[in-house]
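Shown here: target.cif, mmCIF, C-alpha atoms.
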```cif
data_target
#
loop_
_atom_site.label_atom_id
_atom_site.label_comp_id
_atom_site.auth_asym_id
_atom_site.auth_seq_id
_atom_site.Cartn_x
_atom_site.Cartn_y
_atom_site.Cartn_z
CA MET A 1 -91.10 42.88 93.32
CA ILE A 2 -88.66 42.85 96.23
CA ILE A 3 -87.77 46.21 97.74
CA LYS A 4 -85.02 47.18 100.13
CA ARG A 5 -86.62 47.49 103.55
CA ASN A 6 -85.60 50.37 105.79
CA ILE A 7 -84.37 47.93 108.41
CA SER A 8 -81.90 46.29 106.00
CA ALA A 9 -78.94 48.50 106.91
CA GLU A 10 -79.36 47.85 110.63
CA LEU A 11 -79.70 44.10 110.04
CA ALA A 12 -76.49 44.06 107.97
CA ARG A 13 -74.69 46.05 110.66
CA LEU A 14 -75.75 43.72 113.46
CA CYS A 15 -74.64 40.69 111.46
CA LYS A 16 -71.10 42.05 111.70
CA SER A 17 -71.24 42.09 115.50
CA TYR A 18 -73.39 39.18 116.70
CA PRO A 19 -73.29 35.45 115.86
CA ILE A 20 -77.10 35.42 115.86
CA VAL A 21 -79.62 38.07 114.85
CA THR A 22 -83.27 37.47 115.73
CA ILE A 23 -86.06 39.20 113.81
CA THR A 24 -89.56 39.25 115.23
CA GLY A 25 -92.70 40.83 113.85
CA PRO A 26 -96.23 40.08 112.68
CA ARG A 27 -96.87 37.22 110.33
CA GLN A 28 -96.64 38.28 106.69
CA SER A 29 -94.74 41.48 107.53
CA GLY A 30 -91.94 40.48 105.16
CA LYS A 31 -89.44 38.74 107.47
CA THR A 32 -88.86 35.74 105.22
CA THR A 33 -88.55 37.87 102.08
CA LEU A 34 -86.11 40.16 103.88
CA VAL A 35 -83.75 37.46 105.12
CA LYS A 36 -83.86 35.46 101.89
CA SER A 37 -82.99 38.53 99.84
CA LEU A 38 -80.17 39.66 102.16
CA PHE A 39 -78.71 36.20 102.80
CA PRO A 40 -79.30 34.17 99.62
CA GLN A 41 -76.19 32.08 100.28
CA LYS A 42 -77.43 30.76 103.64
CA PRO A 43 -79.41 27.51 103.86
CA TYR A 44 -83.05 28.22 104.69
CA PHE A 45 -85.29 26.17 106.99
CA THR A 46 -88.80 26.97 108.14
CA PHE A 47 -90.11 25.31 111.27
CA GLU A 48 -93.65 25.73 109.97
CA ASP A 49 -92.82 22.68 107.86
CA PRO A 50 -93.76 19.55 109.88
CA ASP A 51 -90.98 17.44 108.36
CA THR A 52 -88.35 20.01 109.33
CA ARG A 53 -89.80 20.25 112.84
CA HIS A 54 -89.70 16.48 113.19
CA LEU A 55 -86.11 16.37 111.98
CA VAL A 56 -85.00 19.00 114.48
CA LEU A 57 -86.92 17.59 117.42
CA ALA A 58 -85.62 14.09 116.77
CA ASP A 59 -81.95 15.08 116.80
CA PRO A 60 -81.22 18.81 117.25
CA ARG A 61 -77.46 18.34 117.59
CA SER A 62 -77.23 16.46 114.32
CA PHE A 63 -79.34 19.12 112.60
CA LEU A 64 -77.05 21.92 113.78
CA LYS A 65 -73.91 20.03 112.76
CA LYS A 66 -75.18 19.98 109.19
CA ILE A 67 -75.54 23.77 109.21
CA LYS A 68 -72.52 24.67 111.33
CA ASN A 69 -71.56 27.39 108.84
CA GLY A 70 -74.86 29.12 109.51
CA ALA A 71 -78.44 29.25 108.25
CA VAL A 72 -81.71 31.11 108.28
CA LEU A 73 -84.15 29.49 110.73
CA ASP A 74 -87.70 30.72 110.17
CA GLU A 75 -90.52 30.70 112.76
CA VAL A 76 -88.28 29.43 115.56
CA GLN A 77 -91.05 29.83 118.14
CA ARG A 78 -92.38 26.54 116.74
CA VAL A 79 -89.28 24.70 118.02
CA PRO A 80 -88.15 26.67 121.08
CA ASP A 81 -85.84 23.89 122.31
CA ILE A 82 -83.47 24.56 119.42
CA LEU A 83 -82.36 27.77 121.13
CA SER A 84 -80.55 25.95 123.94
CA TYR A 85 -78.64 23.87 121.40
CA LEU A 86 -77.86 26.99 119.38
CA GLN A 87 -76.30 28.50 122.48
CA GLY A 88 -73.79 25.67 122.67
CA GLU A 89 -73.11 25.82 118.95
CA VAL A 90 -72.30 29.53 118.81
CA ASP A 91 -70.21 29.30 121.97
CA LYS A 92 -67.87 27.04 119.99
CA ASP A 93 -67.63 29.59 117.19
CA ARG A 94 -68.83 33.15 117.74
CA LYS A 95 -68.24 34.24 114.17
CA PRO A 96 -70.61 37.16 113.48
CA GLY A 97 -73.66 36.62 111.31
CA ARG A 98 -73.82 32.83 111.48
CA PHE A 99 -77.52 32.40 112.18
CA ILE A 100 -80.56 34.50 111.35
CA LEU A 101 -83.69 33.63 113.33
CA THR A 102 -87.22 34.84 112.70
CA GLY A 103 -90.40 34.48 114.71
CA SER A 104 -93.95 35.79 114.81
CA GLN A 105 -94.83 35.63 118.50
CA GLN A 106 -93.19 37.87 121.05
CA LEU A 107 -94.55 36.16 124.15
CA ASN A 108 -92.59 32.91 124.19
CA LEU A 109 -89.99 33.72 121.57
CA VAL A 110 -88.44 36.80 123.16
CA GLU A 111 -88.46 35.18 126.59
CA ASN A 112 -86.73 32.06 125.29
CA VAL A 113 -84.25 34.01 123.17
CA THR A 114 -83.24 36.34 126.00
CA GLN A 115 -82.80 33.41 128.37
CA SER A 116 -80.97 31.01 126.05
CA LEU A 117 -79.05 33.41 123.82
CA ALA A 118 -78.24 36.31 126.14
CA GLY A 119 -75.17 38.13 124.82
CA ARG A 120 -75.19 36.07 121.63
CA THR A 121 -78.01 37.69 119.68
CA SER A 122 -79.47 41.07 118.87
CA LEU A 123 -83.21 41.57 118.44
CA LEU A 124 -84.96 43.45 115.65
CA LYS A 125 -88.66 44.02 114.99
CA LEU A 126 -89.97 44.16 111.43
CA LEU A 127 -93.41 45.66 110.98
CA PRO A 128 -95.37 45.93 107.70
CA PHE A 129 -94.39 48.60 105.17
CA SER A 130 -93.94 52.24 106.09
CA ILE A 131 -95.32 54.90 103.75
CA ASP A 132 -91.99 55.43 102.00
CA GLU A 133 -91.63 51.66 101.51
CA VAL A 134 -95.05 51.58 99.83
CA HIS A 135 -93.75 54.25 97.44
CA LYS A 136 -90.88 51.92 96.53
CA ILE A 137 -93.19 49.08 95.51
CA SER A 138 -96.09 50.98 93.94
CA LYS A 139 -96.11 53.80 91.41
CA LYS A 140 -99.68 54.66 92.36
CA GLN A 141 -100.15 57.73 94.54
CA PHE A 142 -102.35 56.73 97.45
CA ASP A 143 -104.32 59.28 99.42
CA THR A 144 -104.90 59.31 103.17
CA ASP A 145 -108.02 57.15 103.18
CA ASP A 146 -106.31 54.60 100.93
CA TYR A 147 -103.64 54.09 103.57
CA LEU A 148 -106.19 53.84 106.36
CA PHE A 149 -108.19 51.25 104.42
CA ARG A 150 -105.38 49.24 102.82
CA GLY A 151 -103.05 49.20 105.78
CA PHE A 152 -99.45 48.31 105.08
CA TYR A 153 -99.08 44.54 104.84
CA PRO A 154 -96.78 43.80 101.89
CA GLY A 155 -99.11 41.26 100.27
CA VAL A 156 -101.87 43.83 99.83
CA TYR A 157 -99.53 45.86 97.60
CA SER A 158 -97.27 43.30 95.95
CA ASN A 159 -100.17 40.93 95.14
CA LYS A 160 -102.77 43.71 94.66
CA LEU A 161 -105.17 42.02 97.07
CA ASP A 162 -108.59 43.28 98.05
CA PRO A 163 -107.93 44.68 101.56
CA THR A 164 -111.18 43.49 103.15
CA LYS A 165 -110.75 39.92 101.95
CA ALA A 166 -107.02 39.93 102.67
CA TYR A 167 -107.45 41.05 106.28
CA ARG A 168 -110.39 38.73 106.87
CA ASN A 169 -108.21 35.82 105.74
CA TYR A 170 -105.29 37.15 107.79
CA TYR A 171 -107.42 37.38 110.91
CA GLU A 172 -108.92 33.92 110.55
CA THR A 173 -105.78 32.17 109.33
CA TYR A 174 -103.10 33.70 111.51
CA ILE A 175 -104.51 35.62 114.45
CA GLU A 176 -107.09 33.10 115.61
CA ARG A 177 -104.85 30.13 114.82
CA ASP A 178 -101.83 31.54 116.62
CA LEU A 179 -103.82 32.49 119.68
CA ARG A 180 -105.38 29.05 119.87
CA GLN A 181 -101.86 27.63 119.99
CA LEU A 182 -101.09 29.81 123.00
CA ILE A 183 -104.26 29.41 125.05
CA ASN A 184 -107.56 27.58 125.03
CA ILE A 185 -110.15 30.17 124.01
CA LYS A 186 -113.37 28.57 125.23
CA ASP A 187 -115.79 30.95 123.54
CA LEU A 188 -114.46 32.20 120.20
CA HIS A 189 -117.50 34.45 119.72
CA LEU A 190 -116.69 36.41 122.89
CA PHE A 191 -113.06 36.70 121.87
CA GLN A 192 -114.05 38.05 118.44
CA LYS A 193 -116.33 40.58 120.15
CA PHE A 194 -113.42 41.64 122.36
CA VAL A 195 -111.07 42.17 119.40
CA LYS A 196 -113.64 44.27 117.54
CA LEU A 197 -114.30 46.36 120.63
CA CYS A 198 -110.56 46.99 120.87
CA ALA A 199 -110.63 48.35 117.31
CA GLY A 200 -113.35 50.74 118.39
CA ARG A 201 -111.10 52.03 121.16
CA ILE A 202 -108.09 53.06 119.07
CA GLY A 203 -106.37 56.02 120.69
CA ASN A 204 -108.45 55.72 123.86
CA ILE A 205 -107.36 55.02 127.41
CA PHE A 206 -107.47 51.24 127.91
CA VAL A 207 -109.56 50.19 130.91
CA ALA A 208 -109.84 46.41 131.20
CA SER A 209 -112.83 46.57 133.56
CA HIS A 210 -114.90 48.50 131.00
CA LEU A 211 -114.22 45.91 128.32
CA ALA A 212 -114.93 43.08 130.74
CA VAL A 213 -118.45 44.42 131.30
CA GLU A 214 -119.13 44.87 127.58
CA VAL A 215 -117.77 41.47 126.56
CA GLY A 216 -119.18 39.59 129.55
CA VAL A 217 -115.95 38.05 130.85
CA SER A 218 -113.69 38.66 133.84
CA VAL A 219 -111.04 41.38 134.06
CA PRO A 220 -108.22 38.77 134.22
CA THR A 221 -109.56 37.25 130.98
CA ILE A 222 -109.47 40.65 129.26
CA GLN A 223 -105.93 41.21 130.52
CA LYS A 224 -104.85 37.80 129.24
CA TRP A 225 -106.46 38.34 125.85
CA VAL A 226 -104.95 41.77 125.30
CA SER A 227 -101.52 40.43 126.30
CA LEU A 228 -101.89 37.79 123.61
CA LEU A 229 -102.82 40.42 121.04
CA GLU A 230 -99.66 42.27 122.02
CA ALA A 231 -97.58 39.12 121.74
CA SER A 232 -98.96 38.45 118.26
CA PHE A 233 -98.21 42.00 117.04
CA ILE A 234 -101.86 42.97 116.69
CA VAL A 235 -102.04 45.77 119.27
CA PHE A 236 -99.62 47.86 121.29
CA PHE A 237 -99.85 50.45 124.03
CA LEU A 238 -98.53 53.95 124.45
CA TYR A 239 -97.89 54.75 128.09
CA PRO A 240 -98.22 58.22 129.61
CA TYR A 241 -95.19 60.38 130.23
CA TYR A 242 -95.26 61.58 133.82
CA GLU A 243 -91.62 61.77 134.86
CA ASN A 244 -91.05 64.86 137.03
CA ILE A 245 -94.60 66.06 136.43
CA GLY A 246 -96.49 64.77 139.46
CA LYS A 247 -99.63 62.87 140.35
CA ARG A 248 -102.07 64.89 138.26
CA VAL A 249 -101.24 62.97 135.09
CA ILE A 250 -103.36 60.07 133.83
CA LYS A 251 -101.31 56.86 134.17
CA ALA A 252 -103.30 54.30 132.16
CA PRO A 253 -102.09 53.44 128.61
CA LYS A 254 -103.69 54.15 125.24
CA LEU A 255 -104.43 51.34 122.79
CA TYR A 256 -103.33 51.21 119.14
CA PHE A 257 -103.17 48.61 116.36
CA TYR A 258 -100.02 47.59 114.52
CA ASP A 259 -101.85 48.05 111.21
CA THR A 260 -104.70 50.32 110.18
CA GLY A 261 -105.90 47.84 107.56
CA ILE A 262 -106.61 45.19 110.18
CA ALA A 263 -108.27 47.79 112.39
CA SER A 264 -110.47 48.97 109.51
CA TYR A 265 -111.50 45.38 108.78
CA LEU A 266 -112.41 44.80 112.43
CA LEU A 267 -114.46 48.02 112.38
CA GLY A 268 -116.44 46.62 109.45
CA LEU A 269 -115.17 49.22 106.97
CA GLU A 270 -115.23 47.74 103.46
CA ASN A 271 -114.36 50.62 101.15
CA ILE A 272 -112.82 54.08 100.98
CA THR A 273 -116.18 55.87 101.17
CA GLN A 274 -116.96 54.20 104.49
CA ILE A 275 -113.55 55.26 105.81
CA GLU A 276 -114.20 58.87 104.80
CA ARG A 277 -117.49 58.98 106.71
CA ASP A 278 -116.56 56.92 109.75
CA PRO A 279 -116.42 58.74 113.11
CA LEU A 280 -113.21 56.85 113.92
CA ARG A 281 -111.36 58.19 110.87
CA GLY A 282 -109.43 60.65 113.05
CA ALA A 283 -108.41 57.85 115.43
CA LEU A 284 -107.25 55.70 112.51
CA PHE A 285 -105.21 58.63 111.18
CA GLU A 286 -103.61 59.12 114.60
CA ASN A 287 -102.82 55.39 114.65
CA LEU A 288 -101.21 55.63 111.20
CA VAL A 289 -98.93 58.51 112.20
CA ILE A 290 -97.86 56.84 115.44
CA LEU A 291 -97.05 53.69 113.46
CA GLU A 292 -94.80 55.72 111.17
CA LEU A 293 -92.89 56.90 114.25
CA VAL A 294 -92.69 53.37 115.65
CA LYS A 295 -91.45 51.95 112.34
CA ALA A 296 -88.81 54.66 112.02
CA ARG A 297 -87.43 53.73 115.45
CA PHE A 298 -87.67 49.97 114.92
CA SER A 299 -85.81 50.24 111.60
CA LYS A 300 -82.84 51.57 113.58
CA GLY A 301 -83.00 48.69 116.05
CA LEU A 302 -84.36 50.93 118.82
CA ASP A 303 -87.32 50.87 121.18
CA HIS A 304 -89.95 53.35 120.06
CA ASN A 305 -89.56 55.68 123.10
CA LEU A 306 -93.02 57.11 122.48
CA TYR A 307 -95.41 58.25 125.17
CA PHE A 308 -98.43 60.52 125.48
CA TYR A 309 -99.42 63.27 127.89
CA ARG A 310 -102.80 63.84 129.48
CA ASP A 311 -103.63 65.41 132.82
CA ASN A 312 -106.77 65.60 134.93
CA HIS A 313 -107.64 68.97 133.39
CA GLN A 314 -107.89 67.50 129.86
CA ASN A 315 -104.61 69.01 128.69
CA GLU A 316 -103.23 66.51 126.19
CA VAL A 317 -100.47 65.84 123.67
CA ASP A 318 -100.86 62.86 121.34
CA VAL A 319 -97.21 61.77 121.39
CA ILE A 320 -94.15 62.58 123.47
CA TYR A 321 -90.98 61.34 121.77
CA LYS A 322 -88.14 60.96 124.26
CA TYR A 323 -84.72 61.36 122.70
CA GLY A 324 -82.07 61.22 125.39
CA SER A 325 -82.93 64.04 127.80
CA VAL A 326 -84.94 65.89 125.14
CA LEU A 327 -88.72 65.62 124.84
CA VAL A 328 -90.38 66.21 121.48
CA PRO A 329 -94.15 66.73 121.73
CA VAL A 330 -96.15 65.75 118.65
CA GLU A 331 -99.77 66.64 117.93
CA ILE A 332 -101.65 64.73 115.23
CA LYS A 333 -104.61 66.08 113.25
CA SER A 334 -106.36 64.47 110.28
CA ALA A 335 -107.46 67.86 108.92
CA GLU A 336 -105.94 69.27 105.73
CA THR A 337 -106.30 72.88 106.89
CA PHE A 338 -104.25 74.32 109.73
CA ASP A 339 -105.96 75.86 112.75
CA ASP A 340 -104.19 77.74 115.57
CA ASN A 341 -106.08 75.65 118.11
CA PHE A 342 -104.10 72.60 116.94
CA LEU A 343 -101.08 74.02 118.79
CA LYS A 344 -102.79 74.41 122.17
CA GLY A 345 -101.55 71.16 123.70
CA LEU A 346 -98.01 71.62 122.37
CA LYS A 347 -97.74 75.11 123.86
CA TYR A 348 -99.07 73.92 127.20
CA PHE A 349 -96.66 70.99 127.43
CA LYS A 350 -93.72 73.26 126.68
CA LYS A 351 -94.72 75.35 129.71
CA VAL A 352 -94.91 72.22 131.89
CA ILE A 353 -91.35 71.09 131.11
CA PRO A 354 -89.66 74.07 129.41
CA ARG A 355 -86.07 72.87 129.80
CA ALA A 356 -86.61 69.51 128.10
CA VAL A 357 -88.75 70.71 125.18
CA LYS A 358 -86.77 72.41 122.41
CA LYS A 359 -89.24 72.00 119.57
CA GLY A 360 -92.54 70.36 118.71
CA PHE A 361 -94.35 68.96 115.68
CA LEU A 362 -97.84 69.21 114.31
CA ILE A 363 -98.40 66.34 111.89
CA TYR A 364 -101.49 66.74 109.74
CA ALA A 365 -102.94 65.93 106.32
CA GLY A 366 -102.24 69.37 104.88
CA ASN A 367 -99.47 70.08 102.39
CA THR A 368 -98.28 73.40 103.80
CA GLU A 369 -95.12 72.82 105.84
CA GLN A 370 -93.76 75.65 107.96
CA SER A 371 -92.41 76.54 111.40
CA ILE A 372 -94.46 78.56 113.91
CA ASN A 373 -92.67 79.62 117.11
CA GLY A 374 -90.56 76.48 117.27
CA ILE A 375 -93.37 74.15 116.20
CA ASN A 376 -92.90 72.44 112.84
CA LEU A 377 -95.95 71.72 110.71
CA ILE A 378 -95.37 68.68 108.49
CA ASN A 379 -97.42 66.44 106.25
CA TYR A 380 -97.97 62.95 107.66
CA LYS A 381 -96.06 61.35 104.78
CA ASN A 382 -92.93 62.99 106.21
CA THR A 383 -93.53 61.75 109.76
CA SER A 384 -90.24 59.86 109.97
CA CYS A 385 -88.30 63.16 109.97
CA VAL A 386 -89.36 63.59 113.61
CA ILE A 387 -87.07 60.70 114.54
CA LYS A 388 -83.47 61.82 114.76
CA PRO A 389 -80.90 59.77 112.80
#
```

Give the structure from this file in structure tokens form.
Amino acid sequence: MIIKRNISAELARLCKSYPIVTITGPRQSGKTTLVKSLFPQKPYFTFEDPDTRHLVLADPRSFLKKIKNGAVLDEVQRVPDILSYLQGEVDKDRKPGRFILTGSQQLNLVENVTQSLAGRTSLLKLLPFSIDEVHKISKKQFDTDDYLFRGFYPGVYSNKLDPTKAYRNYYETYIERDLRQLINIKDLHLFQKFVKLCAGRIGNIFVASHLAVEVGVSVPTIQKWVSLLEASFIVFFLYPYYENIGKRVIKAPKLYFYDTGIASYLLGLENITQIERDPLRGALFENLVILELVKARFSKGLDHNLYFYRDNHQNEVDVIYKYGSVLVPVEIKSAETFDDNFLKGLKYFKKVIPRAVKKGFLIYAGNTEQSINGINLINYKNTSCVIKP
């Protein structure tokens, strides 16, 4: 079953303005399905296919002449040289929507695209399903722990895959393979230990030196490895908001995963019961909610504009959403029952920057939605309403 992804409207809009639109995102997040469903009339080529790669590398100009009316070019990071030739081709004819490019690695792809196709392409990021997209493809009502365990990769839902086996295969087939293409990982065992330790640090301040000691490698190696996980859409960072606040604010980032299913697999969680009892359940829930915010922004073609706040006195807000000059603080709790203490950080932050904060949100697992002194309590399944249209 093919569903309409939330990003579809933005993709269609950009195709009316740019000769090339480039879509990045994790492997298996639905990029190919998306572009094939929206552009069925365009010729499709994947550079994962060795014969296609050979054809393009042998004579890129001849290849582009055959598709001068446009095409979908999948996994273009496999043939980065094609981008320079594409530049010349679209300069001859800048008709909007000619070429749709997709790729699964940010590191080299975005750098090459921005250098070769500056002013000729717009970039979008497609992540796995959001909660409302899951509702489109499945009639089953999933509870909180289902989402934490299953994650949101389309194949888990459309093919009804066992999450543990699916994410084990995903990790071994895509993550390790892709990273080996980027660098020479000398000791795979140490790298696997590093990735699992990252999963155990979801929502925590990332300190490379601490991981270096635990893994037994140098700090530069940890920094290189985590950069590769970022480039492969496995992890991302939230950075602290400290504009106009001063030096008392913590300035190191917090680590999150792009999918809770992968994180749960790396934590060794193999069923719903284990999720329910795991001490990191709250961190996984926080990760899930932040992902909903990220996906809502990405579906509009925007950077996520999400930060967090923490000072040296342990005052903290999980998320600060910056919308123009307005700051929207968001607190995240996995509890189903509201407690007044949940609002402590939100109230404090409003005192710190009163002019910029107009309202706040408490996102939790409870079903009672209400407003308390300018703070909106909402269920996590409605997280996207925080993001303004």

Ser17 (chain A) surroundings by only C-alpha atoms, 10 Å radius, close-in-sequence under 6 positions cut, as a list in words
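Near neighbours after the sequence-gap exclusion: Arg94, Lys95, Pro96, Gly97, Arg120, Thr121 and Ser122 of chain A.
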
Now that the selection is made, can you save its residues with C-alpha atoms as a compact mmCIF listing (two decimals), keeping the file's coordinate frame?
```
# COMPACT_ATOMS: atom_id res chain seq x y z
CA ARG A 94 -68.83 33.15 117.74
CA LYS A 95 -68.24 34.24 114.17
CA PRO A 96 -70.61 37.16 113.48
CA GLY A 97 -73.66 36.62 111.31
CA ARG A 120 -75.19 36.07 121.63
CA THR A 121 -78.01 37.69 119.68
CA SER A 122 -79.47 41.07 118.87
```

Using all atoms listed in the file, list the residues that have an atom at most 12 Å from (-116.0, 36.7, 107.0), coordinates as in the file, as a PyMOL selection string.
chain A and resi 164-173+192+265-266+268+270

So that I can check the surroundings of Val217 (chain A), please list as a PyMOL selection string every protein, DNA and RNA residue that reaches within 12 Å of it, counting all atoms listed in the file and ignoring chain neighbours fewer than 6 positions away.
chain A and resi 185-187+189-191+193-194+208-211+223-225

Quick one: apply the PyMOL selection byres ((chain A and resi 67) around 12) to the file and drop the selected residues here as a ChimeraX atom specification.
/A:42-45,56,60-66,68-73,86,89-90,98-99

What do you get, as number ranges by chain, if you spell out every residue that the PyMOL selection byres ((chain A and resi 260-262) around 8) selects here?
A: 147-152, 163, 167, 171, 257-259, 263-266, 284, 287-288

Neighbouring residues of region 23-27 of chain A were defined as those with any atom within 10 Å, considering only C-alpha atoms; residues of the same chain fewer than 2 positions away were excluded. Please report them as a PDB file with C-alpha atoms, keeping the file's coordinate frame.
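Below is the file result-v7.pdb, written as the result:
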```
ATOM      1  CA  LEU A  11     -79.700  44.100 110.040  1.00  0.00           C
ATOM      2  CA  ILE A  20     -77.100  35.420 115.860  1.00  0.00           C
ATOM      3  CA  VAL A  21     -79.620  38.070 114.850  1.00  0.00           C
ATOM      4  CA  SER A  29     -94.740  41.480 107.530  1.00  0.00           C
ATOM      5  CA  GLY A  30     -91.940  40.480 105.160  1.00  0.00           C
ATOM      6  CA  LYS A  31     -89.440  38.740 107.470  1.00  0.00           C
ATOM      7  CA  THR A  32     -88.860  35.740 105.220  1.00  0.00           C
ATOM      8  CA  LEU A  34     -86.110  40.160 103.880  1.00  0.00           C
ATOM      9  CA  VAL A  35     -83.750  37.460 105.120  1.00  0.00           C
ATOM     10  CA  ASP A  74     -87.700  30.720 110.170  1.00  0.00           C
ATOM     11  CA  GLU A  75     -90.520  30.700 112.760  1.00  0.00           C
ATOM     12  CA  VAL A  76     -88.280  29.430 115.560  1.00  0.00           C
ATOM     13  CA  GLN A  77     -91.050  29.830 118.140  1.00  0.00           C
ATOM     14  CA  ILE A 100     -80.560  34.500 111.350  1.00  0.00           C
ATOM     15  CA  LEU A 101     -83.690  33.630 113.330  1.00  0.00           C
ATOM     16  CA  THR A 102     -87.220  34.840 112.700  1.00  0.00           C
ATOM     17  CA  GLY A 103     -90.400  34.480 114.710  1.00  0.00           C
ATOM     18  CA  SER A 104     -93.950  35.790 114.810  1.00  0.00           C
ATOM     19  CA  GLN A 105     -94.830  35.630 118.500  1.00  0.00           C
ATOM     20  CA  GLN A 106     -93.190  37.870 121.050  1.00  0.00           C
ATOM     21  CA  LEU A 109     -89.990  33.720 121.570  1.00  0.00           C
ATOM     22  CA  VAL A 110     -88.440  36.800 123.160  1.00  0.00           C
ATOM     23  CA  SER A 122     -79.470  41.070 118.870  1.00  0.00           C
ATOM     24  CA  LEU A 123     -83.210  41.570 118.440  1.00  0.00           C
ATOM     25  CA  LEU A 124     -84.960  43.450 115.650  1.00  0.00           C
ATOM     26  CA  LYS A 125     -88.660  44.020 114.990  1.00  0.00           C
ATOM     27  CA  LEU A 126     -89.970  44.160 111.430  1.00  0.00           C
ATOM     28  CA  LEU A 127     -93.410  45.660 110.980  1.00  0.00           C
ATOM     29  CA  PRO A 128     -95.370  45.930 107.700  1.00  0.00           C
ATOM     30  CA  TYR A 153     -99.080  44.540 104.840  1.00  0.00           C
ATOM     31  CA  TYR A 170    -105.290  37.150 107.790  1.00  0.00           C
ATOM     32  CA  TYR A 174    -103.100  33.700 111.510  1.00  0.00           C
ATOM     33  CA  ILE A 175    -104.510  35.620 114.450  1.00  0.00           C
ATOM     34  CA  ASP A 178    -101.830  31.540 116.620  1.00  0.00           C
ATOM     35  CA  ALA A 231     -97.580  39.120 121.740  1.00  0.00           C
ATOM     36  CA  SER A 232     -98.960  38.450 118.260  1.00  0.00           C
ATOM     37  CA  PHE A 233     -98.210  42.000 117.040  1.00  0.00           C
ATOM     38  CA  ILE A 234    -101.860  42.970 116.690  1.00  0.00           C
ATOM     39  CA  TYR A 258    -100.020  47.590 114.520  1.00  0.00           C
ATOM     40  CA  ASP A 259    -101.850  48.050 111.210  1.00  0.00           C
TER      41      ASP A 259
END
```

Please enumerate the residues selected by the PyMOL selection byres ((chain A and resi 292-299) around 10) when evaluated against the supplied file, formatted as a ChimeraX atom specification.
/A:5-11,124-132,258,287-291,300-306,319,321,380-389

Counting only C-alpha atoms, what is within 7 Å of Ile332 (chain A), bar same-chain residues fewer than 6 positions away, as a PDB file with C-alpha atoms, in the coordinates of the input?
```pdb
ATOM      1  CA  GLU A 286    -103.610  59.120 114.600  1.00  0.00           C
ATOM      2  CA  ASP A 318    -100.860  62.860 121.340  1.00  0.00           C
ATOM      3  CA  LEU A 362     -97.840  69.210 114.310  1.00  0.00           C
ATOM      4  CA  ILE A 363     -98.400  66.340 111.890  1.00  0.00           C
ATOM      5  CA  TYR A 364    -101.490  66.740 109.740  1.00  0.00           C
TER       6      TYR A 364
END
```

Could you name the residues that touch Gln115 (chain A) at 12 Å or less, counting all atoms listed in the file, but leaving out those on the same chain fewer than 3 positions away, as a PyMOL selection string?
chain A and resi 80-81+83-84+87+108-112+118-121

With distances taken over only C-alpha atoms, which residue among A:Leu269, A:Val79, A:Ile375, A:Val113 lies nearest Lys344 (chain A)?
A:Ile375

Expected answer as an mmCIF file with C-alpha atoms, keeping the file's coordinate frame: all residues with atoms within 12 Å of (-102.2, 52.0, 94.1), all atoms listed in the file:
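Result written to selection11.cif:
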```cif
data_model
loop_
_atom_site.group_PDB
_atom_site.id
_atom_site.type_symbol
_atom_site.label_atom_id
_atom_site.label_comp_id
_atom_site.auth_asym_id
_atom_site.auth_seq_id
_atom_site.Cartn_x
_atom_site.Cartn_y
_atom_site.Cartn_z
ATOM 1 C CA VAL A 134 -95.050 51.580 99.830
ATOM 2 C CA HIS A 135 -93.750 54.250 97.440
ATOM 3 C CA LYS A 136 -90.880 51.920 96.530
ATOM 4 C CA ILE A 137 -93.190 49.080 95.510
ATOM 5 C CA SER A 138 -96.090 50.980 93.940
ATOM 6 C CA LYS A 139 -96.110 53.800 91.410
ATOM 7 C CA LYS A 140 -99.680 54.660 92.360
ATOM 8 C CA GLN A 141 -100.150 57.730 94.540
ATOM 9 C CA PHE A 142 -102.350 56.730 97.450
ATOM 10 C CA ASP A 143 -104.320 59.280 99.420
ATOM 11 C CA THR A 144 -104.900 59.310 103.170
ATOM 12 C CA ASP A 145 -108.020 57.150 103.180
ATOM 13 C CA ASP A 146 -106.310 54.600 100.930
ATOM 14 C CA TYR A 147 -103.640 54.090 103.570
ATOM 15 C CA PHE A 149 -108.190 51.250 104.420
ATOM 16 C CA ARG A 150 -105.380 49.240 102.820
ATOM 17 C CA PHE A 152 -99.450 48.310 105.080
ATOM 18 C CA VAL A 156 -101.870 43.830 99.830
ATOM 19 C CA TYR A 157 -99.530 45.860 97.600
ATOM 20 C CA SER A 158 -97.270 43.300 95.950
ATOM 21 C CA ASN A 159 -100.170 40.930 95.140
ATOM 22 C CA LYS A 160 -102.770 43.710 94.660
ATOM 23 C CA LEU A 161 -105.170 42.020 97.070
ATOM 24 C CA ASP A 162 -108.590 43.280 98.050
ATOM 25 C CA PRO A 163 -107.930 44.680 101.560
#
```

Can you tell me how far CA of Lys254 (chain A) sits from CA of Ile202 (chain A), in Å to one decimal?
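Distance between the two atoms: 7.7 Å.
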
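Checking A:Ala365, A:Ile372, A:Ala335, A:Val235 one by one against Lys347 (chain A), counting all atoms listed in the file, you find the shortest gap at A:Ile372.
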